[in-house]
$ cat data_2.pdb   # PDB, C-alpha atoms and all ligand atoms
ATOM      1  CA  MET A   6      99.653 153.469  94.250
ATOM      2  CA  PRO A   7      99.666 150.328  92.067
ATOM      3  CA  GLU A   8      96.245 149.012  91.144
ATOM      4  CA  THR A   9      95.407 145.740  92.915
ATOM      5  CA  HIS A  10      93.504 142.909  91.263
ATOM      6  CA  SER A  11      91.825 140.087  93.174
ATOM      7  CA  ASN A  12      92.480 137.911  90.137
ATOM      8  CA  PRO A  13      95.894 138.459  88.517
ATOM      9  CA  LEU A  14      94.383 137.750  85.087
ATOM     10  CA  ASP A  15      92.336 140.934  85.387
ATOM     11  CA  ASP A  16      95.524 142.968  85.240
ATOM     12  CA  PRO A  17      95.974 143.724  81.520
ATOM     13  CA  ALA A  18      99.740 143.834  82.055
ATOM     14  CA  ALA A  19      99.820 140.252  83.372
ATOM     15  CA  ASN A  20     101.146 137.516  81.099
ATOM     16  CA  PRO A  21      98.442 134.799  81.110
ATOM     17  CA  PHE A  22     101.020 132.060  80.502
ATOM     18  CA  GLU A  23     103.017 133.161  83.540
ATOM     19  CA  VAL A  24      99.823 133.131  85.621
ATOM     20  CA  ALA A  25      99.124 129.595  84.315
ATOM     21  CA  ALA A  26     102.654 128.526  85.281
ATOM     22  CA  ILE A  27     102.094 129.840  88.816
ATOM     23  CA  ALA A  28      98.742 127.984  88.942
ATOM     24  CA  ALA A  29     100.470 124.763  87.823
ATOM     25  CA  ALA A  30     103.049 125.226  90.596
ATOM     26  CA  ASP A  31     100.167 125.688  93.085
ATOM     27  CA  ILE A  32      98.667 122.396  91.889
ATOM     28  CA  ALA A  33     102.017 120.588  92.178
ATOM     29  CA  ARG A  34     102.505 121.939  95.709
ATOM     30  CA  LEU A  35      98.941 121.191  96.886
ATOM     31  CA  SER A  36      98.701 117.740  95.270
ATOM     32  CA  GLY A  37     102.294 116.530  95.533
ATOM     33  CA  VAL A  38     101.995 115.550  91.838
ATOM     34  CA  GLU A  39     104.653 117.285  89.749
ATOM     35  CA  HIS A  40     103.368 116.322  86.320
ATOM     36  CA  HIS A  41      99.980 115.472  84.829
ATOM     37  CA  ASP A  42      99.540 113.521  81.601
ATOM     38  CA  ILE A  43      95.912 114.193  80.720
ATOM     39  CA  ALA A  44      93.481 116.949  81.669
ATOM     40  CA  LEU A  45      89.738 116.633  81.714
ATOM     41  CA  THR A  46      87.177 119.428  81.991
ATOM     42  CA  LEU A  47      83.882 118.096  83.262
ATOM     43  CA  GLY A  48      80.735 119.858  82.029
ATOM     44  CA  SER A  49      77.142 119.240  83.092
ATOM     45  CA  GLY A  50      76.374 115.555  83.276
ATOM     46  CA  TRP A  51      79.974 114.348  83.244
ATOM     47  CA  GLY A  52      80.894 114.939  86.891
ATOM     48  CA  LYS A  53      80.850 111.333  88.097
ATOM     49  CA  ALA A  54      83.627 110.348  85.697
ATOM     50  CA  ALA A  55      86.177 111.642  88.205
ATOM     51  CA  ASP A  56      85.147 108.963  90.722
ATOM     52  CA  LEU A  57      85.607 106.188  88.165
ATOM     53  CA  LEU A  58      88.995 107.149  86.782
ATOM     54  CA  GLY A  59      91.151 105.882  89.612
ATOM     55  CA  GLU A  60      92.471 106.942  92.971
ATOM     56  CA  THR A  61      92.004 110.591  93.952
ATOM     57  CA  VAL A  62      95.427 111.757  95.089
ATOM     58  CA  ALA A  63      94.283 115.285  95.914
ATOM     59  CA  SER A  64      91.176 117.408  95.751
ATOM     60  CA  ILE A  65      91.874 121.127  95.625
ATOM     61  CA  PRO A  66      89.317 123.954  95.886
ATOM     62  CA  ALA A  67      89.787 125.973  92.700
ATOM     63  CA  THR A  68      89.855 129.156  94.763
ATOM     64  CA  GLU A  69      93.241 128.048  96.182
ATOM     65  CA  VAL A  70      94.802 128.001  92.730
ATOM     66  CA  THR A  71      96.076 131.246  91.223
ATOM     67  CA  GLY A  72      93.792 132.816  88.621
ATOM     68  CA  PHE A  73      90.771 130.557  89.100
ATOM     69  CA  SER A  74      87.364 132.133  89.662
ATOM     70  CA  LYS A  75      84.563 131.037  91.952
ATOM     71  CA  PRO A  76      82.038 128.893  90.064
ATOM     72  CA  ALA A  77      79.149 131.026  88.825
ATOM     73  CA  LEU A  78      76.605 128.260  89.042
ATOM     74  CA  GLU A  79      75.576 125.845  91.687
ATOM     75  CA  GLY A  80      76.128 122.363  90.298
ATOM     76  CA  HIS A  81      79.355 123.494  88.624
ATOM     77  CA  VAL A  82      81.787 122.117  91.197
ATOM     78  CA  GLY A  83      84.742 124.382  91.817
ATOM     79  CA  THR A  84      87.286 121.671  92.474
ATOM     80  CA  LEU A  85      90.458 120.460  90.805
ATOM     81  CA  ARG A  86      91.311 116.823  91.363
ATOM     82  CA  SER A  87      94.489 114.937  90.733
ATOM     83  CA  ILE A  88      93.741 111.301  89.949
ATOM     84  CA  ARG A  89      96.068 108.379  89.408
ATOM     85  CA  THR A  90      94.652 105.843  86.960
ATOM     86  CA  PRO A  91      95.158 102.083  87.356
ATOM     87  CA  GLY A  92      97.587 102.397  84.422
ATOM     88  CA  GLY A  93      99.689 104.834  86.487
ATOM     89  CA  ARG A  94      98.901 108.022  84.601
ATOM     90  CA  HIS A  95      98.064 111.296  86.326
ATOM     91  CA  VAL A  96      94.850 112.974  85.284
ATOM     92  CA  LEU A  97      93.972 116.544  86.251
ATOM     93  CA  VAL A  98      90.203 116.812  86.525
ATOM     94  CA  ILE A  99      88.918 120.354  86.220
ATOM     95  CA  GLY A 100      85.485 120.797  87.766
ATOM     96  CA  ALA A 101      85.728 124.568  87.670
ATOM     97  CA  ARG A 102      84.819 125.963  84.284
ATOM     98  CA  THR A 103      84.546 129.697  83.796
ATOM     99  CA  HIS A 104      82.058 130.428  81.038
ATOM    100  CA  TYR A 105      82.388 133.221  78.523
ATOM    101  CA  TYR A 106      78.898 134.463  79.436
ATOM    102  CA  GLU A 107      80.087 135.283  82.961
ATOM    103  CA  GLY A 108      81.703 138.323  81.406
ATOM    104  CA  HIS A 109      85.134 138.034  83.064
ATOM    105  CA  GLY A 110      86.931 137.990  79.733
ATOM    106  CA  VAL A 111      88.389 135.220  77.653
ATOM    107  CA  ARG A 112      91.655 135.000  79.615
ATOM    108  CA  ARG A 113      89.757 133.660  82.608
ATOM    109  CA  VAL A 114      87.738 131.321  80.376
ATOM    110  CA  VAL A 115      90.847 129.531  79.103
ATOM    111  CA  HIS A 116      92.976 129.766  82.257
ATOM    112  CA  SER A 117      92.160 126.173  83.265
ATOM    113  CA  VAL A 118      93.304 124.910  79.865
ATOM    114  CA  ARG A 119      96.553 126.892  79.997
ATOM    115  CA  THR A 120      97.118 125.671  83.550
ATOM    116  CA  ALA A 121      96.522 122.072  82.442
ATOM    117  CA  ALA A 122      99.145 122.504  79.728
ATOM    118  CA  ALA A 123     101.548 124.018  82.272
ATOM    119  CA  THR A 124     101.137 120.906  84.482
ATOM    120  CA  GLY A 125     102.477 118.903  81.554
ATOM    121  CA  ALA A 126      99.212 117.518  80.139
ATOM    122  CA  LYS A 127      99.496 116.610  76.470
ATOM    123  CA  ILE A 128      95.857 115.615  76.007
ATOM    124  CA  MET A 129      92.913 117.883  76.842
ATOM    125  CA  VAL A 130      89.504 116.268  77.119
ATOM    126  CA  LEU A 131      86.715 118.853  76.985
ATOM    127  CA  THR A 132      83.170 117.827  77.883
ATOM    128  CA  ASN A 133      79.935 119.791  78.033
ATOM    129  CA  GLY A 134      76.158 119.593  78.101
ATOM    130  CA  ALA A 135      74.661 120.987  74.899
ATOM    131  CA  GLY A 136      71.641 121.188  72.635
ATOM    132  CA  GLY A 137      71.303 118.814  69.682
ATOM    133  CA  ILE A 138      70.324 119.990  66.210
ATOM    134  CA  GLN A 139      70.223 116.514  64.671
ATOM    135  CA  GLU A 140      66.691 115.209  65.009
ATOM    136  CA  THR A 141      67.900 111.628  65.248
ATOM    137  CA  TRP A 142      69.635 112.401  68.548
ATOM    138  CA  SER A 143      67.928 112.150  71.935
ATOM    139  CA  PRO A 144      68.514 113.785  75.296
ATOM    140  CA  GLY A 145      70.998 111.731  77.287
ATOM    141  CA  GLN A 146      73.082 110.801  74.252
ATOM    142  CA  PRO A 147      76.831 111.528  74.240
ATOM    143  CA  VAL A 148      78.365 112.626  70.928
ATOM    144  CA  LEU A 149      81.934 113.338  69.881
ATOM    145  CA  ILE A 150      82.844 116.825  68.711
ATOM    146  CA  SER A 151      84.360 116.644  65.228
ATOM    147  CA  ASP A 152      84.916 120.383  64.683
ATOM    148  CA  HIS A 153      83.515 123.700  65.832
ATOM    149  CA  ILE A 154      82.095 127.012  64.685
ATOM    150  CA  ASN A 155      82.979 129.833  67.059
ATOM    151  CA  LEU A 156      80.159 132.386  67.076
ATOM    152  CA  THR A 157      81.456 134.370  70.041
ATOM    153  CA  ALA A 158      83.411 136.702  67.746
ATOM    154  CA  ASP A 159      86.245 136.392  70.267
ATOM    155  CA  SER A 160      89.489 134.468  70.564
ATOM    156  CA  PRO A 161      91.751 133.502  73.449
ATOM    157  CA  LEU A 162      94.757 134.340  71.289
ATOM    158  CA  GLU A 163      96.254 137.771  71.715
ATOM    159  CA  GLY A 164      98.186 139.681  69.088
ATOM    160  CA  ALA A 165      99.209 138.275  65.740
ATOM    161  CA  THR A 166      99.124 134.653  66.891
ATOM    162  CA  PHE A 167      98.207 132.601  63.828
ATOM    163  CA  ILE A 168      97.319 129.089  64.907
ATOM    164  CA  ASP A 169      96.215 126.293  62.590
ATOM    165  CA  LEU A 170      92.883 124.747  63.609
ATOM    166  CA  THR A 171      92.758 121.885  61.105
ATOM    167  CA  ASP A 172      91.972 118.602  62.924
ATOM    168  CA  LEU A 173      91.434 120.642  66.110
ATOM    169  CA  TYR A 174      89.398 117.802  67.629
ATOM    170  CA  SER A 175      91.849 114.993  66.987
ATOM    171  CA  LYS A 176      90.664 112.296  64.585
ATOM    172  CA  ARG A 177      93.094 109.921  66.286
ATOM    173  CA  LEU A 178      91.460 110.476  69.689
ATOM    174  CA  ARG A 179      87.942 110.165  68.247
ATOM    175  CA  ASP A 180      88.989 106.815  66.820
ATOM    176  CA  VAL A 181      90.281 105.773  70.236
ATOM    177  CA  ALA A 182      86.899 106.763  71.761
ATOM    178  CA  ARG A 183      85.168 104.580  69.174
ATOM    179  CA  THR A 184      87.217 101.568  70.213
ATOM    180  CA  VAL A 185      85.339 101.908  73.528
ATOM    181  CA  ASP A 186      81.920 102.641  71.989
ATOM    182  CA  ALA A 187      81.660 102.078  68.248
ATOM    183  CA  SER A 188      78.186 103.635  68.150
ATOM    184  CA  LEU A 189      79.366 107.147  69.110
ATOM    185  CA  ASP A 190      78.082 109.699  66.611
ATOM    186  CA  GLU A 191      79.864 113.006  66.045
ATOM    187  CA  GLY A 192      79.028 116.557  65.099
ATOM    188  CA  VAL A 193      80.121 120.157  64.724
ATOM    189  CA  TYR A 194      79.851 122.158  67.952
ATOM    190  CA  THR A 195      78.606 125.720  67.561
ATOM    191  CA  GLN A 196      79.510 128.027  70.409
ATOM    192  CA  PHE A 197      77.110 130.881  71.070
ATOM    193  CA  ARG A 198      77.853 133.508  73.677
ATOM    194  CA  GLY A 199      74.802 132.766  75.876
ATOM    195  CA  PRO A 200      73.665 132.763  78.622
ATOM    196  CA  HIS A 201      70.285 132.878  76.904
ATOM    197  CA  TYR A 202      69.496 129.809  74.855
ATOM    198  CA  GLU A 203      69.286 130.285  71.098
ATOM    199  CA  THR A 204      66.174 131.345  69.240
ATOM    200  CA  PRO A 205      64.764 128.755  66.819
ATOM    201  CA  ALA A 206      65.966 131.033  63.973
ATOM    202  CA  GLU A 207      69.507 130.979  65.368
ATOM    203  CA  VAL A 208      69.366 127.208  65.599
ATOM    204  CA  GLN A 209      68.300 127.068  61.933
ATOM    205  CA  MET A 210      71.199 129.356  61.059
ATOM    206  CA  ALA A 211      73.613 127.114  62.983
ATOM    207  CA  LYS A 212      72.234 124.110  61.096
ATOM    208  CA  ARG A 213      72.647 125.787  57.690
ATOM    209  CA  ILE A 214      76.217 126.805  58.337
ATOM    210  CA  GLY A 215      77.111 123.256  59.320
ATOM    211  CA  GLY A 216      76.444 123.033  63.056
ATOM    212  CA  ASP A 217      75.039 119.939  64.766
ATOM    213  CA  ILE A 218      75.403 120.922  68.407
ATOM    214  CA  VAL A 219      74.747 124.262  70.158
ATOM    215  CA  GLY A 220      76.440 125.272  73.385
ATOM    216  CA  MET A 221      78.126 127.999  75.393
ATOM    217  CA  SER A 222      81.622 126.662  76.101
ATOM    218  CA  THR A 223      84.408 124.520  74.644
ATOM    219  CA  ALA A 224      85.303 126.245  71.345
ATOM    220  CA  LEU A 225      87.368 128.997  72.985
ATOM    221  CA  GLU A 226      88.950 126.410  75.312
ATOM    222  CA  ALA A 227      89.840 124.164  72.378
ATOM    223  CA  ILE A 228      91.606 127.034  70.601
ATOM    224  CA  ALA A 229      93.689 127.749  73.713
ATOM    225  CA  ALA A 230      94.477 124.043  74.084
ATOM    226  CA  ARG A 231      95.695 123.900  70.492
ATOM    227  CA  GLU A 232      97.819 126.988  71.028
ATOM    228  CA  ALA A 233      99.343 125.229  74.051
ATOM    229  CA  GLY A 234     100.183 122.239  71.842
ATOM    230  CA  MET A 235      97.716 119.772  73.340
ATOM    231  CA  GLU A 236      95.755 117.116  71.487
ATOM    232  CA  ILE A 237      92.021 117.589  72.013
ATOM    233  CA  LEU A 238      89.116 115.237  72.515
ATOM    234  CA  GLY A 239      85.648 116.815  72.779
ATOM    235  CA  PHE A 240      82.429 115.258  74.023
ATOM    236  CA  SER A 241      78.943 116.782  74.214
ATOM    237  CA  LEU A 242      76.135 115.312  76.218
ATOM    238  CA  ILE A 243      72.950 116.159  74.357
ATOM    239  CA  THR A 244      70.789 117.388  77.239
ATOM    240  CA  ASN A 245      67.963 118.618  74.998
ATOM    241  CA  LEU A 246      67.150 119.099  71.362
ATOM    242  CA  ALA A 247      67.910 122.692  70.398
ATOM    243  CA  ALA A 248      65.253 125.433  70.485
ATOM    244  CA  GLY A 249      62.620 124.914  67.809
ATOM    245  CA  ILE A 250      63.866 121.376  67.069
ATOM    246  CA  GLN A 251      62.159 120.254  70.244
ATOM    247  CA  GLN A 252      58.647 121.641  70.479
ATOM    248  CA  THR A 253      58.733 122.537  74.187
ATOM    249  CA  PRO A 254      60.578 125.555  75.660
ATOM    250  CA  LEU A 255      64.071 124.989  77.075
ATOM    251  CA  SER A 256      64.839 125.247  80.756
ATOM    252  CA  HIS A 257      68.019 125.055  82.807
ATOM    253  CA  THR A 258      66.238 122.586  85.110
ATOM    254  CA  GLU A 259      65.581 120.281  82.162
ATOM    255  CA  VAL A 260      69.239 120.513  81.134
ATOM    256  CA  ILE A 261      70.474 119.695  84.657
ATOM    257  CA  GLU A 262      67.948 116.854  85.006
ATOM    258  CA  ALA A 263      68.989 115.281  81.674
ATOM    259  CA  GLY A 264      72.607 115.525  82.800
ATOM    260  CA  ARG A 265      71.809 113.852  86.105
ATOM    261  CA  GLU A 266      69.962 110.990  84.429
ATOM    262  CA  ALA A 267      72.672 110.342  81.863
ATOM    263  CA  GLU A 268      75.533 110.808  84.316
ATOM    264  CA  PRO A 269      76.154 107.189  85.404
ATOM    265  CA  VAL A 270      76.299 105.891  81.821
ATOM    266  CA  ILE A 271      78.313 108.683  80.202
ATOM    267  CA  SER A 272      80.697 108.972  83.140
ATOM    268  CA  ALA A 273      81.507 105.269  82.862
ATOM    269  CA  LEU A 274      82.027 105.718  79.109
ATOM    270  CA  LEU A 275      84.335 108.678  79.653
ATOM    271  CA  ALA A 276      86.388 106.855  82.285
ATOM    272  CA  ARG A 277      86.899 103.949  79.874
ATOM    273  CA  VAL A 278      87.859 106.315  77.054
ATOM    274  CA  VAL A 279      90.417 108.113  79.236
ATOM    275  CA  GLU A 280      91.935 104.762  80.206
ATOM    276  CA  ALA A 281      92.237 103.957  76.478
ATOM    277  CA  LEU A 282      93.910 107.253  75.524
TER     278      LEU A 282
HETATM  279  N1  LIG A 301      71.894 125.628  73.780
HETATM  280  C1  LIG A 301      73.014 126.136  74.324
HETATM  281  N2  LIG A 301      73.589 125.610  75.391
HETATM  282  C2  LIG A 301      73.033 124.521  75.925
HETATM  283  C3  LIG A 301      71.859 123.954  75.414
HETATM  284  C4  LIG A 301      71.267 124.543  74.277
HETATM  285  O1  LIG A 301      70.227 124.091  73.754
HETATM  286  N3  LIG A 301      71.577 122.871  76.187
HETATM  287  C5  LIG A 301      72.554 122.810  77.132
HETATM  288  N4  LIG A 301      73.430 123.805  76.984
END
$ encode --input "data_2.pdb" --output "structure tokens" --more "lines below"
Ligand code: HPA
Amino acid sequence: MPETHSNPLDDPAANPFEVAAIAAADIARLSGVEHHDIALTLGSGWGKAADLLGETVASIPATEVTGFSKPALEGHVGTLRSIRTPGGRHVLVIGARTHYYEGHGVRRVVHSVRTAAATGAKIMVLTNGAGGIQETWSPGQPVLISDHINLTADSPLEGATFIDLTDLYSKRLRDVARTVDASLDEGVYTQFRGPHYETPAEVQMAKRIGGDIVGMSTALEAIAAREAGMEILGFSLITNLAAGIQQTPLSHTEVIEAGREAEPVISALLARVVEAL
């Protein structure tokens, strides 16, 4: 009897790009929008941006799209939205991130990015909530991602797939973001596996090897987006200073609260940046 998988990506014989193409066809059928121009993954604190981007053409529960997983966390909305901007572009908003720490494998982590590419999106905007290593930063501050260090020891690429990661987080798109807010600082995002926060010693290590931001997403997604030929813009909301940089212990509640407080301001910023892309 053939083995059955509730998620086709869990079948090692499945081709993840074919699964992404089926997911893109699901989105086209459920939204009536054949082609998207830009895709946007909304991390903690960035959720309201979807409401400000334009008219919501369709809102699709992620569970109705092939290969997507149920959100692991409350507050991580499992919805895909198709939005038409005032400029007439179609934006696919992904409110259903699968994190590496959930343990479902990297194929599921990057499925939303591959699906976005299969819908036609040429620009991938990745946002997250993260810890700040730079002492001059404060909780609630958005920063651009200039580059990353992937400490997961994993890759979404399979086989001998040699992909260049120079200018992974497009300088051109960061410049566009700065036409909207010239004060935006930038930094190197360091992806840890999580779900535990880092120890102060790990934060010091990240700092010494060139990291400015610590988080648990984005780097693996950015690699998959580059493989798919998309141009990438990355934004971190600094929800807290990283462990040991801030003197108080970290808590998920604090991270969510900082995201909630910053949400109106950073969502408006993000909506304006997307309109300028
Ligand atoms: N570390 C890792 N991930 C995070 C943090 C952090 O300090 N804050 C929010 N997400």
$ atom_distance --input "data_2.pdb" --atom1 "CA of Gly134 in chain A" --atom2 "CA of Val208 in chain A"
16.1 Å
$ resolve_selection --input "data_2.pdb" --expression "the PyMOL selection byres (((chain A and resi 60-65) around 10) and not hetatm)" --output "MDAnalysis selection string"
chainID A and resid 31:32 35:38 55:59 66:70 83:91 93 95:99
$ residues_near_ligand --input "data_2.pdb" --ligand "ligand LIG 301 (chain A)" --cutoff "9 Å" --atoms "all atoms listed in the file" --output "tab-separated table (two decimals) with C-alpha atoms, keeping the file's coordinate frame"
chain	number	residue	atom	x	y	z
A	49	SER	CA	77.14	119.24	83.09
A	133	ASN	CA	79.94	119.79	78.03
A	134	GLY	CA	76.16	119.59	78.10
A	135	ALA	CA	74.66	120.99	74.90
A	136	GLY	CA	71.64	121.19	72.64
A	137	GLY	CA	71.30	118.81	69.68
A	138	ILE	CA	70.32	119.99	66.21
A	195	THR	CA	78.61	125.72	67.56
A	196	GLN	CA	79.51	128.03	70.41
A	197	PHE	CA	77.11	130.88	71.07
A	198	ARG	CA	77.85	133.51	73.68
A	199	GLY	CA	74.80	132.77	75.88
A	200	PRO	CA	73.67	132.76	78.62
A	201	HIS	CA	70.28	132.88	76.90
A	202	TYR	CA	69.50	129.81	74.86
A	203	GLU	CA	69.29	130.28	71.10
A	208	VAL	CA	69.37	127.21	65.60
A	218	ILE	CA	75.40	120.92	68.41
A	219	VAL	CA	74.75	124.26	70.16
A	220	GLY	CA	76.44	125.27	73.39
A	221	MET	CA	78.13	128.00	75.39
A	222	SER	CA	81.62	126.66	76.10
A	242	LEU	CA	76.14	115.31	76.22
A	243	ILE	CA	72.95	116.16	74.36
A	244	THR	CA	70.79	117.39	77.24
A	245	ASN	CA	67.96	118.62	75.00
A	246	LEU	CA	67.15	119.10	71.36
A	247	ALA	CA	67.91	122.69	70.40
A	248	ALA	CA	65.25	125.43	70.48
A	255	LEU	CA	64.07	124.99	77.08
A	256	SER	CA	64.84	125.25	80.76
A	257	HIS	CA	68.02	125.06	82.81
A	259	GLU	CA	65.58	120.28	82.16
A	260	VAL	CA	69.24	120.51	81.13
A	261	ILE	CA	70.47	119.70	84.66
$ atom_distance --input "data_2.pdb" --atom1 "CA of Ala33 in chain A" --atom2 "CA of Val118 in chain A"
15.7 Å
$ atom_distance --input "data_2.pdb" --atom1 "CA of Ala229 in chain A" --atom2 "CA of Thr124 in chain A"
14.8 Å
$ resolve_selection --input "data_2.pdb" --expression "the PyMOL selection byres (((chain A and resi 237) around 8) and not hetatm)" --output "PyMOL selection string"
chain A and resi 128-131+173-175+178+227+230-231+235-236+238-239
$ residues_around --input "data_2.pdb" --residues "Ser151 in chain A" --least-positions-apart "2" --cutoff "6 Å" --atoms "all atoms listed in the file" --output "NGL selection string"
:A and (174 or 191-193)
$ resolve_selection --input "data_2.pdb" --expression "the PyMOL selection byres (((chain A and resi 25) around 9) and not hetatm)" --output "list of chain:residue names"
A:Asn20, A:Pro21, A:Phe22, A:Glu23, A:Val24, A:Ala26, A:Ile27, A:Ala28, A:Ala29, A:Ala30, A:Thr71, A:Gly72, A:His116, A:Ser117, A:Val118, A:Arg119, A:Thr120, A:Ala121, A:Ala122, A:Ala123, A:Thr124
$ residues_around --input "data_2.pdb" --residues "Ala187 in chain A" --least-positions-apart "5" --cutoff "12 Å" --atoms "all atoms listed in the file" --output "MDAnalysis selection string"
chainID A and resid 148:149 179:182 274 278
$ closest_residue --input "data_2.pdb" --among "A:Glu207, A:Ala224, A:Gly125, A:Thr132" --to "Asp152 in chain A" --atoms "all atoms listed in the file"
A:Ala224
$ closest_residue --input "data_2.pdb" --among "A:Pro147, A:Gly48, A:Pro161, A:Pro269" --to "Gly110 in chain A" --atoms "all atoms listed in the file"
A:Pro161
$ closest_residue --input "data_2.pdb" --among "A:Gln251, A:Ser143, A:Thr46, A:Ser241" --to "Ala101 in chain A" --atoms "all atoms listed in the file"
A:Thr46
$ closest_residue --input "data_2.pdb" --among "A:Glu266, A:Glu280, A:Glu226, A:Asp190" --to "Arg112 in chain A" --atoms "all atoms listed in the file"
A:Glu226
$ closest_residue --input "data_2.pdb" --among "A:Val115, A:Ala126, A:Ala158, A:Ala19" --to "Ile43 in chain A" --atoms "only C-alpha atoms"
A:Ala126
$ closest_residue --input "data_2.pdb" --among "A:Thr204, A:Pro144, A:Gly52, A:Ser74" --to "Glu262 in chain A" --atoms "all atoms listed in the file"
A:Pro144
$ axis_aligned_box --input "data_2.pdb" --around "range 128-138 of chain A" --padding-each-side "6 Å" --output "lines of an AutoDock Vina configuration file"
center_x = 83.1
center_y = 118.4
center_z = 72.2
size_x = 37.5
size_y = 17.6
size_z = 23.9
$ build_atoms --input "data_2.pdb" --residues "range 134-140 of chain A" --atoms "all heavy atoms" --output "short mmCIF file (atom, residue, chain, number, x, y, z; two decimals), in the coordinates of the input"
data_model
loop_
_atom_site.label_atom_id
_atom_site.label_comp_id
_atom_site.auth_asym_id
_atom_site.auth_seq_id
_atom_site.Cartn_x
_atom_site.Cartn_y
_atom_site.Cartn_z
N GLY A 134 77.56 119.91 78.38
CA GLY A 134 76.16 119.59 78.10
C GLY A 134 75.71 120.57 77.02
O GLY A 134 76.07 121.75 77.09
N ALA A 135 74.96 120.12 76.04
CA ALA A 135 74.66 120.99 74.90
C ALA A 135 73.33 120.60 74.26
O ALA A 135 72.76 119.55 74.55
CB ALA A 135 75.79 120.87 73.87
N GLY A 136 72.87 121.47 73.37
CA GLY A 136 71.64 121.19 72.64
C GLY A 136 71.96 120.47 71.32
O GLY A 136 72.98 120.75 70.69
N GLY A 137 71.09 119.57 70.92
CA GLY A 137 71.30 118.81 69.68
C GLY A 137 70.45 119.38 68.55
O GLY A 137 69.26 119.65 68.73
N ILE A 138 71.07 119.53 67.39
CA ILE A 138 70.32 119.99 66.21
C ILE A 138 69.84 118.79 65.40
O ILE A 138 68.79 118.83 64.75
CB ILE A 138 71.20 120.93 65.34
CG1 ILE A 138 71.60 122.17 66.16
CG2 ILE A 138 70.47 121.34 64.07
CD1 ILE A 138 72.46 123.18 65.40
N GLN A 139 70.61 117.72 65.43
CA GLN A 139 70.22 116.51 64.67
C GLN A 139 68.98 115.88 65.29
O GLN A 139 69.00 115.52 66.47
CB GLN A 139 71.36 115.48 64.74
CG GLN A 139 72.63 115.94 64.09
CD GLN A 139 72.73 115.46 62.66
OE1 GLN A 139 71.78 114.86 62.12
NE2 GLN A 139 73.86 115.70 62.05
N GLU A 140 67.95 115.72 64.46
CA GLU A 140 66.69 115.21 65.01
C GLU A 140 66.77 113.75 65.41
O GLU A 140 65.92 113.25 66.15
CB GLU A 140 65.56 115.44 64.00
CG GLU A 140 65.23 116.91 63.95
CD GLU A 140 64.24 117.28 62.88
OE1 GLU A 140 63.29 116.52 62.67
OE2 GLU A 140 64.45 118.35 62.26
#
